[in-house]
Amino acid sequence: MKPKVLVILGPTAVGKSDLAVEIARHYNGEVISADSRQVYKGFDIGTGKITKKEMRGVPHHLLDVINPKKIYSVEGWKKDTEKAIRDIVSRGKLPIICGGTGFYIQSIVDNIVLPDVPANPELRKQLSLKSTEDLFSILTQLDPNRANEIDQKNPVRLIRAIEIATALGSVPKPTHAKTEYEFIQIGFSLPLEILRVKIHNRLLSRMKKGMLREAQHLHAKGLSYKRMEALGLEYRYLALYLQKKISKQDMLQKLEIEIGQYARRQMQWFKRDERIKWFEPTQTKEIYSWIHTTLF
RNA sequence: GCGUCGGUGGCGGAGUGGUCAAUCGCAUUUGACUGUAAAUCAAACGCCCUCGGGCUACGAAGGUUCGAAUCCUUCCCGGCGCA
């Protein structure tokens, strides 16, 4: 029988992290974070990273694994996570993946094998100057099949596809390898209106906790505003505010909206995976009984 | 009270006689997702039916005109200036 891995997912602000700790304590588990921003060192308050105290003795993996100046992505996360799972299982404990980055989660659950083409900064820089139309026609020449399926107006996708096609001659179809684990996915959700209220309150509390200072500090230590903007949400708007490009009020207002939109996008992603068993975070009893029967 | 500028769709804000259900931005909704995924991107968005069309709309009411968001009159509301 394959070892089981529990996956706890859901949109931002539903309260995944706390529940993950609870469940980990209950089932002798360790948590692996599936959050594309919490991997960065120093991104604490703005990402709502769990604190040592909140971990309550439960080991957490994939937090603070890299300097934010460096680019981290699915590939790295997947490799690191595979390693963490192996390690946790070998010690007879239950791995619990917890996070809201759908793509990361899917990469491990479906064991997506992505083409092994490292980023080509030189090429990316060059391509980033081109219009989407140009990018599309370049891709069409390199790999008409991929061009046929790709989102023609999405520069990020186009650039990556060109990057792969340049290295490999064409863009191979992604394959799904067999997994050595059985993933059990449980999702937490709440109606958007409620999520928005929680987001509002959380934003204020993050401000009180010194999110602004955190951003200032990161910049003082050499993290460019440009990079912060690229990372999105909190750090993007904090950076804009610190550069005096927007007012504080604007920052808070826009952030609240954008985080809500982000939550929507997360749900959009998760929605299509029918294997996910959904709960509202308050249904503790049901959650535990379901986990119990699926786990054993 | 007088003068003046203005009142446009959920909001901001174009449009100043026809081609306007009304540019655009935002919000909202729906959706995409092959190494940036908190990123990136798309569609819809007055109401009613199927393309096409019909209906109701640009503060209110009248009027001018073949035709008005656009011109005129009165009224209501807001900003500013003078009292």
# chains A, B, ... in the order shown; residues from 1 in each chain; ligands from 1
call {"tool": "interface_residues", "arguments": {"of": "chain B", "to": "chain A", "cutoff": "8 Å", "atoms": "only C-alpha atoms (C1' of nucleotides)", "output": "list in words"}}
result
A32, U34, G35, U36, A37, A38, A39, U40 and C41 of chain B
call {"tool": "write_last_selection", "arguments": {"atoms": "N, CA and C atoms (P, O5', C5', C4', C3', O3' and C1' of nucleotides)", "output": "short mmCIF file (atom, residue, chain, number, x, y, z; two decimals), in the first residue's frame"}}
result
data_model
loop_
_atom_site.label_atom_id
_atom_site.label_comp_id
_atom_site.auth_asym_id
_atom_site.auth_seq_id
_atom_site.Cartn_x
_atom_site.Cartn_y
_atom_site.Cartn_z
P A B 32 -11.73 27.24 -16.47
"O5'" A B 32 -10.53 27.84 -17.32
"C5'" A B 32 -10.48 27.62 -18.72
"C4'" A B 32 -9.26 28.30 -19.27
"C3'" A B 32 -7.94 27.77 -18.77
"O3'" A B 32 -7.56 26.65 -19.54
"C1'" A B 32 -7.91 30.12 -18.70
P U B 34 -0.27 26.79 -19.01
"O5'" U B 34 0.81 25.64 -18.89
"C5'" U B 34 0.96 24.99 -17.64
"C4'" U B 34 2.20 24.19 -17.82
"C3'" U B 34 3.29 25.02 -18.49
"O3'" U B 34 4.32 25.24 -17.58
"C1'" U B 34 2.86 22.97 -19.69
P G B 35 5.64 25.96 -18.01
"O5'" G B 35 6.48 25.72 -16.67
"C5'" G B 35 5.87 25.94 -15.38
"C4'" G B 35 6.93 26.61 -14.54
"C3'" G B 35 7.62 27.74 -15.33
"O3'" G B 35 7.33 29.04 -14.92
"C1'" G B 35 9.19 26.15 -14.49
P U B 36 6.35 29.78 -14.32
"O5'" U B 36 7.22 30.88 -13.58
"C5'" U B 36 7.90 30.62 -12.35
"C4'" U B 36 7.86 31.93 -11.59
"C3'" U B 36 6.44 32.38 -11.25
"O3'" U B 36 6.33 32.58 -9.86
"C1'" U B 36 7.59 34.07 -12.50
P A B 37 5.93 31.54 -8.91
"O5'" A B 37 4.34 31.53 -8.86
"C5'" A B 37 3.62 32.71 -8.42
"C4'" A B 37 2.17 32.44 -8.67
"C3'" A B 37 1.67 31.19 -7.94
"O3'" A B 37 0.38 31.41 -7.41
"C1'" A B 37 1.34 31.00 -10.28
P A B 38 0.24 31.85 -5.94
"O5'" A B 38 0.00 33.43 -5.87
"C5'" A B 38 -1.34 33.97 -6.16
"C4'" A B 38 -1.21 35.46 -6.03
"C3'" A B 38 0.03 35.94 -6.73
"O3'" A B 38 -0.14 36.65 -7.91
"C1'" A B 38 0.16 36.33 -4.35
P A B 39 -0.81 38.15 -8.03
"O5'" A B 39 0.20 38.70 -9.12
"C5'" A B 39 1.59 38.70 -8.88
"C4'" A B 39 2.32 38.00 -9.99
"C3'" A B 39 1.77 38.20 -11.39
"O3'" A B 39 2.17 39.45 -11.90
"C1'" A B 39 2.28 35.93 -11.09
P U B 40 1.12 40.35 -12.66
"O5'" U B 40 0.82 39.46 -13.95
"C5'" U B 40 1.85 39.24 -14.90
"C4'" U B 40 1.39 38.23 -15.90
"C3'" U B 40 0.07 38.54 -16.59
"O3'" U B 40 0.22 39.53 -17.58
"C1'" U B 40 0.12 36.27 -15.97
P C B 41 -0.92 40.55 -17.92
"O5'" C B 41 -2.01 39.59 -18.61
"C5'" C B 41 -1.71 39.03 -19.87
"C4'" C B 41 -2.72 37.98 -20.22
"C3'" C B 41 -4.17 38.43 -20.33
"O3'" C B 41 -4.40 39.15 -21.53
"C1'" C B 41 -4.07 36.34 -19.26
#
call {"tool": "residues_around", "arguments": {"residues": "C20 in chain B", "least_positions_apart": "6", "cutoff": "12 Å", "atoms": "only C-alpha atoms (C1' of nucleotides)", "output": "number ranges by chain"}}
result
B: 8, 57-58, 68-70
call {"tool": "select_by_dssp", "arguments": {"residues": "range 95-237 of chain A", "states": "alpha helix (DSSP H)", "output": "count of residues only"}}
result
85
call {"tool": "select_by_dssp", "arguments": {"residues": "range 101-237 of chain A", "states": "strand (DSSP E)", "output": "list of chain:residue names"}}
result
A:Ile112, A:Val113, A:Thr175, A:His176, A:Glu182, A:Phe183, A:Ile184, A:Gln185, A:Ile186, A:Gly187, A:Phe188
call {"tool": "write_last_selection", "arguments": {"atoms": "C-alpha atoms", "output": "CSV table (one decimal), in the first residue's frame"}}
result
chain,number,residue,atom,x,y,z
A,112,ILE,CA,3.6,16.5,-13.4
A,113,VAL,CA,6.8,16.1,-15.3
A,175,THR,CA,3.3,14.1,-18.7
A,176,HIS,CA,1.9,12.7,-15.5
A,182,GLU,CA,-1.7,8.4,-2.1
A,183,PHE,CA,-2.8,12.0,-1.8
A,184,ILE,CA,-5.8,12.8,0.1
A,185,GLN,CA,-7.0,16.3,-0.6
A,186,ILE,CA,-9.2,18.2,1.7
A,187,GLY,CA,-10.3,21.8,0.8
A,188,PHE,CA,-11.5,24.5,3.1
call {"tool": "closest_residue", "arguments": {"among": "A:Val39, A:Ile23, A:Leu6, A:Leu223", "to": "Lys285 in chain A", "atoms": "only C-alpha atoms"}}
result
A:Ile23
call {"tool": "residues_around", "arguments": {"residues": "range 43-47 of chain B", "least_positions_apart": "4", "cutoff": "12 Å", "atoms": "only C-alpha atoms (C1' of nucleotides)", "output": "VMD selection string"}}
result
chain B and resid 9 to 10 21 to 22 27 to 32 54 to 58
call {"tool": "residues_around", "arguments": {"residues": "Pro68 in chain A", "least_positions_apart": "6", "cutoff": "8 Å", "atoms": "only C-alpha atoms (C1' of nucleotides)", "output": "number ranges by chain"}}
result
A: 40-42, 223
call {"tool": "write_last_selection", "arguments": {"atoms": "C-alpha atoms", "output": "PDB file, in the first residue's frame"}}
result
ATOM      1  CA  TYR A  40      11.076  33.391   0.829  1.00  0.00           C
ATOM      2  CA  LYS A  41      13.132  34.420   3.804  1.00  0.00           C
ATOM      3  CA  GLY A  42      11.961  37.593   5.454  1.00  0.00           C
ATOM      4  CA  LEU A 223      15.576  43.752  -2.194  1.00  0.00           C
TER       5      LEU A 223
END
call {"tool": "residues_around", "arguments": {"residues": "G63 in chain B", "least_positions_apart": "6", "cutoff": "12 Å", "atoms": "only C-alpha atoms (C1' of nucleotides)", "output": "PDB file with N, CA and C atoms (P, O5', C5', C4', C3', O3' and C1' of nucleotides), in the first residue's frame"}}
result
ATOM      1  P     C B  71     -25.758  71.604 -24.907  1.00  0.00           P
ATOM      2  O5'   C B  71     -26.795  72.355 -25.865  1.00  0.00           O
ATOM      3  C5'   C B  71     -26.337  73.221 -26.894  1.00  0.00           C
ATOM      4  C4'   C B  71     -27.515  73.979 -27.452  1.00  0.00           C
ATOM      5  C3'   C B  71     -28.486  74.510 -26.400  1.00  0.00           C
ATOM      6  O3'   C B  71     -28.043  75.760 -25.889  1.00  0.00           O
ATOM      7  C1'   C B  71     -29.695  73.396 -28.075  1.00  0.00           C
ATOM      8  P     C B  72     -28.465  76.189 -24.409  1.00  0.00           P
ATOM      9  O5'   C B  72     -30.003  76.555 -24.613  1.00  0.00           O
ATOM     10  C5'   C B  72     -30.387  77.688 -25.393  1.00  0.00           C
ATOM     11  C4'   C B  72     -31.883  77.856 -25.298  1.00  0.00           C
ATOM     12  C3'   C B  72     -32.423  77.897 -23.871  1.00  0.00           C
ATOM     13  O3'   C B  72     -32.315  79.199 -23.334  1.00  0.00           O
ATOM     14  C1'   C B  72     -33.720  76.405 -25.159  1.00  0.00           C
ATOM     15  P     U B  73     -32.188  79.385 -21.754  1.00  0.00           P
ATOM     16  O5'   U B  73     -33.660  79.036 -21.260  1.00  0.00           O
ATOM     17  C5'   U B  73     -34.758  79.894 -21.571  1.00  0.00           C
ATOM     18  C4'   U B  73     -36.017  79.344 -20.958  1.00  0.00           C
ATOM     19  C3'   U B  73     -35.915  78.989 -19.479  1.00  0.00           C
ATOM     20  O3'   U B  73     -36.079  80.142 -18.669  1.00  0.00           O
ATOM     21  C1'   U B  73     -36.972  77.214 -20.628  1.00  0.00           C
ATOM     22  P     U B  74     -35.300  80.235 -17.301  1.00  0.00           P
ATOM     23  O5'   U B  74     -36.204  79.323 -16.366  1.00  0.00           O
ATOM     24  C5'   U B  74     -37.538  79.725 -16.032  1.00  0.00           C
ATOM     25  C4'   U B  74     -38.283  78.567 -15.432  1.00  0.00           C
ATOM     26  C3'   U B  74     -37.623  77.936 -14.217  1.00  0.00           C
ATOM     27  O3'   U B  74     -37.885  78.662 -13.022  1.00  0.00           O
ATOM     28  C1'   U B  74     -38.288  76.236 -15.707  1.00  0.00           C
TER      29        U B  74
END
call {"tool": "closest_residue", "arguments": {"among": "B:G18, B:G59, B:G67, B:G81", "to": "G6 in chain B", "atoms": "only C-alpha atoms (C1' of nucleotides)"}}
result
B:G59
call {"tool": "residues_around", "arguments": {"residues": "Gln141 in chain A", "least_positions_apart": "6", "cutoff": "12 Å", "atoms": "only C-alpha atoms (C1' of nucleotides)", "output": "PyMOL selection string"}}
result
chain A and resi 134-135+147-148+161-162+165-166+169-170
call {"tool": "residues_around", "arguments": {"residues": "range 217-221 of chain A", "least_positions_apart": "6", "cutoff": "12 Å", "atoms": "only C-alpha atoms (C1' of nucleotides)", "output": "ChimeraX atom specification"}}
result
/A:40-46,67-69,210-211,227-229,235,238-239,242-243
